[in-house]
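Here is the structure we will look at.
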Amino acid sequence: MRALVLGGTGAVGRAVAHELEARGHEALRGSRGAGSSPGAVRLDLSSAAGMRRLREVAHECDVVVDASGRDDPATSRELEGVPYVDTSATTSYLAELRGLRAQSGAATLVLGAGIAPGASTVLAAALASEPGDEIDVSVLLGTGEVHGPAAVAWTAGLAGNAVWGAPDGAEILNYRERRRIPIDGRDRTHLRTDFPDHLLLAAAGVTVRTYLTLGSPLATAGLALVGAVPALRGILAAAPHWGDDRWRVAALNRRTGEMLAASGSGQSRATGEFAALAAIRASESPGLGAVTMADLFGLDVLASAAAVTSRA
């Protein structure tokens with residue numbers, strides 16, 4: 001199988017390519033700054049010529065994985081007919097992508113392949129639930145891992161904005177609503193955040209809300225401050241990378257109290273592995289239309305993923 005990885009020189013893109021190659025597949029690393037190493041493809045997606053080049057290269061591949069962080073629907077339009085995996089966590093963008101794919105044909109489009117959404121989607125879908133149930137998704141991210149500017153800008157950009165399509169029937173601003181959710185037997189403060197599982201799992205008839213907590217209570221408090229005063233969002237880019245690179249996602253059914261969780265270390269590595277697994281499955285089943293990670297996998301994917309070190 002041959003895959004084109006957009007953003008192939010970034011932290012997540014490198015992880016995707018590595019995971020694909022480790023499984024015996026070919027990975028082309030597409031990037032504006034791609035060098036001359038084997039598998040490197042220069043793609044400047046900000047230019048018309050670059051988009052034409054994208055179309056040429058993509059149609060020579062079995063699947064495209066977008067780890068560029070651009071959230072540009074024009075990319076999807078160039079990939080009509082090609083199985084496509086997107087690692088974005090932007091709800092409004094994924095909703096637009098799903099609409100575009102519904103109009104353009106049945107080529108597989110995997111929405112939200114990563115930790116959250118992705119592993120979180122699999123966990124929430126696997127919970128025993130009934131129509132009308134409420135599911136809380138807990139996302140813990142350590143602050144010790146250095147992320148690219150696109151990831152930092154995404155986190156900062158949520159401050160002052162509403163959760164897109166929130167199922168609450170009222171406007172919910174990011175980082176304002178707090179909820180105590182247990183992690184390893186101890187309740188921790190989480191902040192309501194616009195991750196897309198409420199969009200991806202809406203057809204299940206359950207209400208999904210996602211809450212974020214950071215590696216330390218102090219960092220979470222800082223994020224809450226940015227949510228209260230969005231003008232302070234610049235401090236997120238300047239914040240030191242103290243702590244570790246662990247991650248944890250969990251899904252909790254409020255009615256039953258059942259919780260499913262998975263955790264590990266290395267957020268970029270985990271996102272890359274989940275996206276690579278989605279790419280392999282998409283290339284094997286190229287005509288599924290728009291799907292989620294939960295449509296492709298059950299809990300077995302978390303049991304078999306090397307990035308997952310603990311599951312409960």
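Within each chain, counting starts at residue 1; across the structure tokens, chains are named A, B, ... in the order shown, with ligands numbered 1 upward in that order.
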For Glu78 (chain A), work out the shell of residues within 7 Å, counting only C-alpha atoms and skipping chain neighbours fewer than 3 positions away, then give it as a ChimeraX atom specification.
-> /A:55,74-75
What are the DSSP helix (DSSP H, G or I) residues of region 51-153 of chain A, as a VMD selection string?
-> chain A and resid 51 to 58 73 to 78 91 to 104 115 to 126 149 to 153
Give me a file of those residues, with C-alpha atoms, as a CSV table (one decimal), in the first residue's frame.
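The resulting file, out.csv, is reproduced below:
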```csv
chain,number,residue,atom,x,y,z
A,51,MET,CA,-2.8,21.9,-5.3
A,52,ARG,CA,-2.5,20.6,-8.9
A,53,ARG,CA,0.6,18.6,-7.8
A,54,LEU,CA,-1.3,17.3,-4.8
A,55,ARG,CA,-4.0,15.9,-7.1
A,56,GLU,CA,-1.4,14.2,-9.3
A,57,VAL,CA,0.5,12.6,-6.4
A,58,ALA,CA,-2.7,11.6,-4.5
A,73,PRO,CA,-11.6,22.1,2.6
A,74,ALA,CA,-9.9,22.8,-0.7
A,75,THR,CA,-7.6,19.9,0.1
A,76,SER,CA,-10.5,17.5,0.2
A,77,ARG,CA,-11.9,18.7,-3.1
A,78,GLU,CA,-8.6,17.8,-4.8
A,91,THR,CA,-15.6,20.2,14.8
A,92,SER,CA,-16.8,22.7,12.3
A,93,TYR,CA,-14.2,21.6,9.7
A,94,LEU,CA,-15.0,17.9,10.1
A,95,ALA,CA,-18.7,18.7,9.6
A,96,GLU,CA,-17.9,20.5,6.4
A,97,LEU,CA,-15.7,17.6,5.2
A,98,ARG,CA,-18.5,15.2,5.8
A,99,GLY,CA,-20.8,17.3,3.8
A,100,LEU,CA,-18.3,17.6,0.9
A,101,ARG,CA,-17.7,13.9,0.8
A,102,ALA,CA,-21.5,13.2,0.8
A,103,GLN,CA,-21.7,15.3,-2.4
A,104,SER,CA,-18.7,14.0,-4.2
A,115,ILE,CA,-6.4,10.5,20.3
A,116,ALA,CA,-9.4,12.8,20.6
A,117,PRO,CA,-11.3,12.3,18.4
A,118,GLY,CA,-10.2,8.8,17.4
A,119,ALA,CA,-9.4,6.7,20.5
A,120,SER,CA,-12.0,8.7,22.4
A,121,THR,CA,-14.6,8.0,19.7
A,122,VAL,CA,-13.9,4.3,19.9
A,123,LEU,CA,-14.3,4.3,23.7
A,124,ALA,CA,-17.5,6.4,23.7
A,125,ALA,CA,-19.1,4.2,21.0
A,126,ALA,CA,-18.2,1.0,22.9
A,149,PRO,CA,2.6,26.0,16.1
A,150,ALA,CA,-0.6,24.7,14.4
A,151,ALA,CA,-1.5,22.7,17.5
A,152,VAL,CA,-0.8,25.6,19.9
A,153,ALA,CA,-2.8,27.9,17.7
```
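The residue that comes closest to Val41 (chain A), out of A:Glu21, A:Gly185, A:Val64, A:Gly8 and on the basis of only C-alpha atoms, is A:Gly8.
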Can you pull out every residue within 12 Å of region 228-242 of chain A, counting only C-alpha atoms, but drop anything in the same chain fewer than 3 positions away, and send it as a PyMOL selection string?
-> chain A and resi 141-161+173-178+191+214-216+218-225+245-246
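CA of Trp247 (chain A) sits 9.4 Å away from CA of Val308 (chain A).
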Can you list, as a ChimeraX atom specification, every protein, DNA or RNA residue that comes within 8 Å of Pro286 (chain A) when you count only C-alpha atoms, leaving out same-chain residues fewer than 3 positions away?
-> /A:82-83,107-108,282-283
Residues from the last selection, N, CA, C and O atoms, saved as an mmCIF file, in the first residue's frame:
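Written output follows (again_1.cif):
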```
data_model
loop_
_atom_site.group_PDB
_atom_site.id
_atom_site.type_symbol
_atom_site.label_atom_id
_atom_site.label_comp_id
_atom_site.auth_asym_id
_atom_site.auth_seq_id
_atom_site.Cartn_x
_atom_site.Cartn_y
_atom_site.Cartn_z
ATOM 1 N N VAL A 82 -10.293 9.508 -3.777
ATOM 2 C CA VAL A 82 -9.153 8.885 -3.097
ATOM 3 C C VAL A 82 -9.499 8.708 -1.618
ATOM 4 O O VAL A 82 -9.949 9.658 -0.969
ATOM 5 N N PRO A 83 -9.331 7.525 -1.036
ATOM 6 C CA PRO A 83 -9.531 7.362 0.400
ATOM 7 C C PRO A 83 -8.668 8.361 1.179
ATOM 8 O O PRO A 83 -7.504 8.587 0.842
ATOM 9 N N ALA A 107 -15.926 7.503 -1.796
ATOM 10 C CA ALA A 107 -14.578 7.168 -1.345
ATOM 11 C C ALA A 107 -14.475 7.351 0.164
ATOM 12 O O ALA A 107 -15.017 8.300 0.739
ATOM 13 N N THR A 108 -13.796 6.441 0.843
ATOM 14 C CA THR A 108 -13.717 6.458 2.297
ATOM 15 C C THR A 108 -13.060 7.740 2.795
ATOM 16 O O THR A 108 -11.995 8.140 2.324
ATOM 17 N N ALA A 282 -8.664 2.121 5.590
ATOM 18 C CA ALA A 282 -9.311 2.868 4.505
ATOM 19 C C ALA A 282 -8.874 2.365 3.142
ATOM 20 O O ALA A 282 -9.670 2.283 2.205
ATOM 21 N N SER A 283 -7.599 2.013 3.003
ATOM 22 C CA SER A 283 -7.106 1.493 1.723
ATOM 23 C C SER A 283 -7.691 0.115 1.425
ATOM 24 O O SER A 283 -7.895 -0.249 0.266
#
```
Extract, using only C-alpha atoms, all DNA, RNA and protein residues at most 10 Å from Glu19 (chain A), discarding same-chain residues fewer than 5 positions from it, and format them as a list in words.
-> Gly13, Arg14, Gly24, His25, Ala27, Arg269, Ala270, Gly272, Glu273, Phe274, Ala275, Ala276 and Leu277 of chain A
For CA of Glu130 (chain A) and CA of Gly205 (chain A), quote the distance in Å rounded to one decimal.
-> 7.6 Å
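In this structure, CA of Gly169 (chain A) sits 18.5 Å away from CA of Arg254 (chain A).
Considering only C-alpha atoms, the residue among A:Leu111, A:Ala294, A:Leu127, A:Ala279 positioned nearest to Ala3 (chain A) is A:Ala279.
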Every residue of region 37-217 of chain A that DSSP places in strand (DSSP E), as an MDAnalysis selection string = chainID A and resid 40:42 63:66 84:86 109:111 134:141 178:183 186:192 207:214
Closest of A:Val5, A:Leu252, A:Ala11, A:Ala49 to Arg29 (chain A) - atom-to-atom distances counting only C-alpha atoms | A:Val5
Skip region 43-47 of chain A itself and residues of its chain fewer than 5 positions away, then list as a count of residues only all residues within 6 Å of it, counting only C-alpha atoms.
-> 3
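Between Ala312 (chain A) and the residues A:Leu296, A:Val85, A:Leu288, A:Ala251, the shortest atom-to-atom distance, using only C-alpha atoms, involves A:Ala251.
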